[in-house]
$ cat target23.pdb   # PDB, C-alpha atoms and all ligand atoms
ATOM      1  CA  MET A   1      25.493  -6.967  -8.089
ATOM      2  CA  LYS A   2      23.355  -3.869  -7.674
ATOM      3  CA  LYS A   3      22.154  -2.989  -4.216
ATOM      4  CA  ARG A   4      18.402  -3.225  -3.716
ATOM      5  CA  ILE A   5      16.283  -0.289  -2.578
ATOM      6  CA  TYR A   6      12.634  -0.234  -1.561
ATOM      7  CA  ILE A   7      10.772   3.046  -1.835
ATOM      8  CA  ASP A   8       7.488   3.758  -0.070
ATOM      9  CA  MET A   9       4.654   5.632  -1.791
ATOM     10  CA  ASP A  10       2.476   7.587   0.676
ATOM     11  CA  ASN A  11       4.377  10.589   2.087
ATOM     12  CA  THR A  12       7.559   9.422   0.369
ATOM     13  CA  LEU A  13       6.839   9.450  -3.393
ATOM     14  CA  CYS A  14       3.266  10.825  -3.154
ATOM     15  CA  ASP A  15       1.851  13.711  -1.149
ATOM     16  CA  TYR A  16      -0.736  11.758   0.832
ATOM     17  CA  ARG A  17      -0.751  14.251   3.712
ATOM     18  CA  LYS A  18      -1.652  17.235   1.540
ATOM     19  CA  ALA A  19      -4.534  15.394  -0.180
ATOM     20  CA  TYR A  20      -5.842  14.022   3.104
ATOM     21  CA  LEU A  21      -5.861  17.420   4.835
ATOM     22  CA  ALA A  22      -7.443  19.125   1.814
ATOM     23  CA  ALA A  23     -10.194  16.502   1.657
ATOM     24  CA  ARG A  24     -10.917  16.762   5.389
ATOM     25  CA  LYS A  25     -11.181  20.538   5.061
ATOM     26  CA  ARG A  26     -13.443  20.271   2.023
ATOM     27  CA  GLU A  27     -15.682  17.594   3.536
ATOM     28  CA  PRO A  28     -15.244  17.533   7.330
ATOM     29  CA  GLU A  29     -17.989  14.919   7.646
ATOM     30  CA  THR A  30     -15.929  12.436   5.613
ATOM     31  CA  HIS A  31     -13.598  10.847   8.129
ATOM     32  CA  TYR A  32     -11.775   8.533   5.717
ATOM     33  CA  PRO A  33     -11.233  10.446   2.473
ATOM     34  CA  GLN A  34      -8.601   7.857   1.581
ATOM     35  CA  SER A  35     -11.471   5.401   1.080
ATOM     36  CA  GLN A  36     -12.966   7.443  -1.739
ATOM     37  CA  TYR A  37     -12.678   6.669  -5.422
ATOM     38  CA  GLY A  38      -9.688   8.387  -6.984
ATOM     39  CA  PHE A  39      -7.925   9.376  -3.770
ATOM     40  CA  PHE A  40      -4.760   7.354  -4.359
ATOM     41  CA  ALA A  41      -4.661   7.760  -8.130
ATOM     42  CA  ASN A  42      -4.787  11.544  -7.851
ATOM     43  CA  LEU A  43      -2.092  12.163  -5.255
ATOM     44  CA  GLU A  44       0.559  14.674  -6.303
ATOM     45  CA  PRO A  45       4.161  13.548  -6.447
ATOM     46  CA  LEU A  46       6.352  15.054  -3.720
ATOM     47  CA  PRO A  47       9.038  17.503  -4.902
ATOM     48  CA  GLN A  48      11.963  15.782  -6.670
ATOM     49  CA  ALA A  49      10.410  12.339  -6.103
ATOM     50  CA  ILE A  50       9.985  11.441  -9.774
ATOM     51  CA  ALA A  51      13.473  12.525 -10.788
ATOM     52  CA  ALA A  52      14.918  10.770  -7.738
ATOM     53  CA  TYR A  53      13.194   7.488  -8.652
ATOM     54  CA  HIS A  54      14.587   7.530 -12.193
ATOM     55  CA  HIS A  55      18.018   8.480 -10.919
ATOM     56  CA  LEU A  56      18.069   5.643  -8.378
ATOM     57  CA  ALA A  57      16.705   3.143 -10.886
ATOM     58  CA  LYS A  58      19.882   3.567 -12.943
ATOM     59  CA  LYS A  59      22.212   2.689 -10.092
ATOM     60  CA  PHE A  60      20.176   0.359  -7.880
ATOM     61  CA  GLU A  61      17.639  -2.428  -8.129
ATOM     62  CA  VAL A  62      14.594  -0.375  -7.144
ATOM     63  CA  TYR A  63      11.191  -1.553  -5.975
ATOM     64  CA  ILE A  64       8.214   0.479  -4.901
ATOM     65  CA  LEU A  65       7.031  -1.020  -1.642
ATOM     66  CA  THR A  66       3.710   0.227  -0.388
ATOM     67  CA  ALA A  67       1.332  -0.887   2.317
ATOM     68  CA  PRO A  68      -2.285  -0.934   1.159
ATOM     69  CA  SER A  69      -5.147   0.972   2.687
ATOM     70  CA  TYR A  70      -6.810  -2.414   3.036
ATOM     71  CA  LEU A  71     -10.301  -1.078   3.772
ATOM     72  CA  ASN A  72     -10.217   0.522   0.320
ATOM     73  CA  PRO A  73      -9.933  -2.207  -2.347
ATOM     74  CA  LEU A  74      -9.565   0.503  -5.005
ATOM     75  CA  CYS A  75      -6.244   1.601  -3.591
ATOM     76  CA  TYR A  76      -4.527  -1.528  -4.948
ATOM     77  CA  THR A  77      -5.432  -0.547  -8.487
ATOM     78  CA  GLU A  78      -5.001   3.171  -7.998
ATOM     79  CA  LYS A  79      -1.426   2.773  -6.767
ATOM     80  CA  ARG A  80      -0.644   0.885  -9.968
ATOM     81  CA  VAL A  81      -2.354   3.650 -11.985
ATOM     82  CA  TRP A  82      -0.332   6.324 -10.167
ATOM     83  CA  ILE A  83       2.936   4.577 -10.928
ATOM     84  CA  GLU A  84       2.222   4.267 -14.629
ATOM     85  CA  ARG A  85       1.083   7.889 -14.797
ATOM     86  CA  HIS A  86       4.099   9.365 -12.998
ATOM     87  CA  LEU A  87       6.906   6.844 -13.392
ATOM     88  CA  GLY A  88       5.994   5.013 -16.578
ATOM     89  CA  LEU A  89       4.750   1.554 -17.511
ATOM     90  CA  GLU A  90       8.076  -0.144 -16.843
ATOM     91  CA  ALA A  91       8.002   0.947 -13.210
ATOM     92  CA  THR A  92       4.724  -0.928 -12.637
ATOM     93  CA  GLN A  93       6.735  -4.143 -12.820
ATOM     94  CA  HIS A  94       8.568  -2.998  -9.700
ATOM     95  CA  LEU A  95       5.471  -2.552  -7.544
ATOM     96  CA  ILE A  96       5.117  -4.584  -4.368
ATOM     97  CA  ILE A  97       2.044  -4.108  -2.194
ATOM     98  CA  CYS A  98       2.704  -5.521   1.248
ATOM     99  CA  LYS A  99       1.637  -4.549   4.746
ATOM    100  CA  ARG A 100       4.621  -6.220   6.427
ATOM    101  CA  LYS A 101       7.578  -4.542   4.758
ATOM    102  CA  GLY A 102      10.120  -6.309   6.943
ATOM    103  CA  LEU A 103       9.504  -9.532   5.002
ATOM    104  CA  LEU A 104      11.383  -8.110   2.010
ATOM    105  CA  LYS A 105      15.121  -8.582   1.688
ATOM    106  CA  GLY A 106      17.177  -5.618   0.578
ATOM    107  CA  ASP A 107      19.814  -3.030   1.351
ATOM    108  CA  PHE A 108      17.736   0.104   1.884
ATOM    109  CA  LEU A 109      14.167   1.082   2.720
ATOM    110  CA  ILE A 110      13.159   4.689   2.149
ATOM    111  CA  ASP A 111       9.952   5.258   4.074
ATOM    112  CA  ASP A 112       8.311   7.886   6.281
ATOM    113  CA  LEU A 113       7.412   5.182   8.810
ATOM    114  CA  PRO A 114       9.812   2.888  10.655
ATOM    115  CA  TYR A 115       9.747  -0.859   9.981
ATOM    116  CA  PRO A 116      11.910  -2.363  12.744
ATOM    117  CA  GLU A 117      11.677  -5.817  11.188
ATOM    118  CA  PHE A 118      13.453  -4.679   7.989
ATOM    119  CA  GLU A 119      17.002  -6.042   8.069
ATOM    120  CA  GLY A 120      18.655  -3.457   5.796
ATOM    121  CA  THR A 121      19.293   0.236   6.378
ATOM    122  CA  GLN A 122      16.233   2.412   6.832
ATOM    123  CA  LEU A 123      16.142   6.016   5.689
ATOM    124  CA  LEU A 124      13.287   7.651   7.550
ATOM    125  CA  PHE A 125      11.941  10.023   4.912
ATOM    126  CA  GLY A 126      10.777  13.485   5.962
ATOM    127  CA  LYS A 127      12.922  13.610   9.088
ATOM    128  CA  ALA A 128      16.530  14.776   9.475
ATOM    129  CA  PRO A 129      18.876  13.793   7.944
ATOM    130  CA  TYR A 130      16.507  12.629   5.145
ATOM    131  CA  GLU A 131      14.011  15.479   5.073
ATOM    132  CA  ASN A 132      13.737  15.571   1.281
ATOM    133  CA  TRP A 133      14.824  13.701  -1.840
ATOM    134  CA  GLY A 134      17.919  15.833  -2.250
ATOM    135  CA  GLN A 135      19.224  14.654   1.108
ATOM    136  CA  VAL A 136      18.343  11.023   0.344
ATOM    137  CA  LEU A 137      20.218  11.158  -2.956
ATOM    138  CA  ASP A 138      23.239  12.779  -1.317
ATOM    139  CA  PHE A 139      23.426   9.863   1.103
ATOM    140  CA  LEU A 140      22.882   7.174  -1.531
ATOM    141  CA  GLU A 141      25.407   8.713  -3.912
ATOM    142  CA  ILE A 142      28.163   7.238  -1.788
ATOM    143  CA  ALA A 143      26.293   4.072  -0.728
TER
HETATM  144 MG    MG B 201       4.362   6.161   3.814
END

$ encode --input "target23.pdb" --output "structure tokens" --more "lines below"
Ligand SMILES: [Mg+2]
Amino acid sequence: MKKRIYIDMDNTLCDYRKAYLAARKREPETHYPQSQYGFFANLEPLPQAIAAYHHLAKKFEVYILTAPSYLNPLCYTEKRVWIERHLGLEATQHLIICKRKGLLKGDFLIDDLPYPEFEGTQLLFGKAPYENWGQVLDFLEIA
């Protein structure tokens, strides 16, 4: 049986930080740019993220597990739009939107934030030893 991996979106697959900082600089009076139309749909993929997803999807049972920006109802749809645009239609069937990620059962969670309730192995993305997708793939190659 394939091992199951959950992959976060914001600051793991998508460059949320860059878009947020750019929007705050452009419109300092807008305190929650992530609440604006198009914010989530237009995030740029992080380097190597798209190739890494497709690579992992061959070897593992992969799900995209993202917590919603619940004050922005559009984000639920825009995350789905982003996935189809960057990962393809098939990948949209692997989307799970859930605030409490520890409820999901699986072997690995790749996320920039810790979820202590998750029972599998967490790879804290963006921090050593998983600073980028190359390092994540190196680890999972032997998993
Ligand atoms: Mg995140």

$ atom_distance --input "target23.pdb" --atom1 "CA of Leu87 (chain A)" --atom2 "CA of Gly106 (chain A)"
21.4 Å

$ closest_atom_pairs --input "target23.pdb" --of "chain A" --to "ligand MG 201 (chain B)" --cutoff "10 Å" --atoms "only C-alpha atoms and all ligand atoms" --output "JSON lines"
{"residue": "A:Ile7", "atom": "CA", "partner": "B:MG201", "partner_atom": "MG", "distance": 9.1}
{"residue": "A:Asp8", "atom": "CA", "partner": "B:MG201", "partner_atom": "MG", "distance": 5.5}
{"residue": "A:Met9", "atom": "CA", "partner": "B:MG201", "partner_atom": "MG", "distance": 5.6}
{"residue": "A:Asp10", "atom": "CA", "partner": "B:MG201", "partner_atom": "MG", "distance": 3.9}
{"residue": "A:Asn11", "atom": "CA", "partner": "B:MG201", "partner_atom": "MG", "distance": 4.8}
{"residue": "A:Thr12", "atom": "CA", "partner": "B:MG201", "partner_atom": "MG", "distance": 5.7}
{"residue": "A:Leu13", "atom": "CA", "partner": "B:MG201", "partner_atom": "MG", "distance": 8.3}
{"residue": "A:Cys14", "atom": "CA", "partner": "B:MG201", "partner_atom": "MG", "distance": 8.5}
{"residue": "A:Asp15", "atom": "CA", "partner": "B:MG201", "partner_atom": "MG", "distance": 9.4}
{"residue": "A:Tyr16", "atom": "CA", "partner": "B:MG201", "partner_atom": "MG", "distance": 8.1}
{"residue": "A:Arg17", "atom": "CA", "partner": "B:MG201", "partner_atom": "MG", "distance": 9.6}
{"residue": "A:Leu65", "atom": "CA", "partner": "B:MG201", "partner_atom": "MG", "distance": 9.4}
{"residue": "A:Thr66", "atom": "CA", "partner": "B:MG201", "partner_atom": "MG", "distance": 7.3}
{"residue": "A:Ala67", "atom": "CA", "partner": "B:MG201", "partner_atom": "MG", "distance": 7.8}
{"residue": "A:Ile110", "atom": "CA", "partner": "B:MG201", "partner_atom": "MG", "distance": 9.1}
{"residue": "A:Asp111", "atom": "CA", "partner": "B:MG201", "partner_atom": "MG", "distance": 5.7}
{"residue": "A:Asp112", "atom": "CA", "partner": "B:MG201", "partner_atom": "MG", "distance": 5.0}
{"residue": "A:Leu113", "atom": "CA", "partner": "B:MG201", "partner_atom": "MG", "distance": 5.9}
{"residue": "A:Pro114", "atom": "CA", "partner": "B:MG201", "partner_atom": "MG", "distance": 9.3}
{"residue": "A:Leu124", "atom": "CA", "partner": "B:MG201", "partner_atom": "MG", "distance": 9.8}
{"residue": "A:Phe125", "atom": "CA", "partner": "B:MG201", "partner_atom": "MG", "distance": 8.6}
{"residue": "A:Gly126", "atom": "CA", "partner": "B:MG201", "partner_atom": "MG", "distance": 10.0}

$ atom_distance --input "target23.pdb" --atom1 "CA of Tyr6 (chain A)" --atom2 "CA of Ala23 (chain A)"
28.5 Å

$ closest_residue --input "target23.pdb" --among "A:His31, A:Arg24, A:Arg80, A:Lys2" --to "Val62 (chain A)" --atoms "all atoms listed in the file"
A:Lys2

$ residues_around --input "target23.pdb" --residues "Pro116 (chain A)" --least-positions-apart "5" --cutoff "12 Å" --atoms "only C-alpha atoms" --output "list in words"
Arg100, Lys101, Gly102, Leu103, Leu109, Asp111, Thr121, Gln122, Leu123 and Leu124 of chain A

$ closest_residue --input "target23.pdb" --among "A:Lys59, A:Lys105, A:Thr77, A:Gln36" --to "Thr92 (chain A)" --atoms "only C-alpha atoms"
A:Thr77

$ axis_aligned_box --input "target23.pdb" --around "region 29-37 of chain A" --padding-each-side "3 Å" --output "lines of an AutoDock Vina configuration file"
center_x = -13.3
center_y = 10.2
center_z = 1.4
size_x = 15.4
size_y = 15.5
size_z = 19.6

$ closest_residue --input "target23.pdb" --among "A:Glu141, A:Val81, A:Tyr32, A:Phe108" --to "His55 (chain A)" --atoms "all atoms listed in the file"
A:Glu141

$ atom_distance --input "target23.pdb" --atom1 "CA of Lys79 (chain A)" --atom2 "CA of Tyr115 (chain A)"
20.5 Å

$ closest_residue --input "target23.pdb" --among "A:Trp133, A:Lys25, A:Glu119, A:Gln93" --to "Glu61 (chain A)" --atoms "only C-alpha atoms"
A:Gln93

$ closest_residue --input "target23.pdb" --among "A:Asn42, A:Asp107, A:Tyr76, A:Ile64" --to "Met1 (chain A)" --atoms "all atoms listed in the file"
A:Asp107
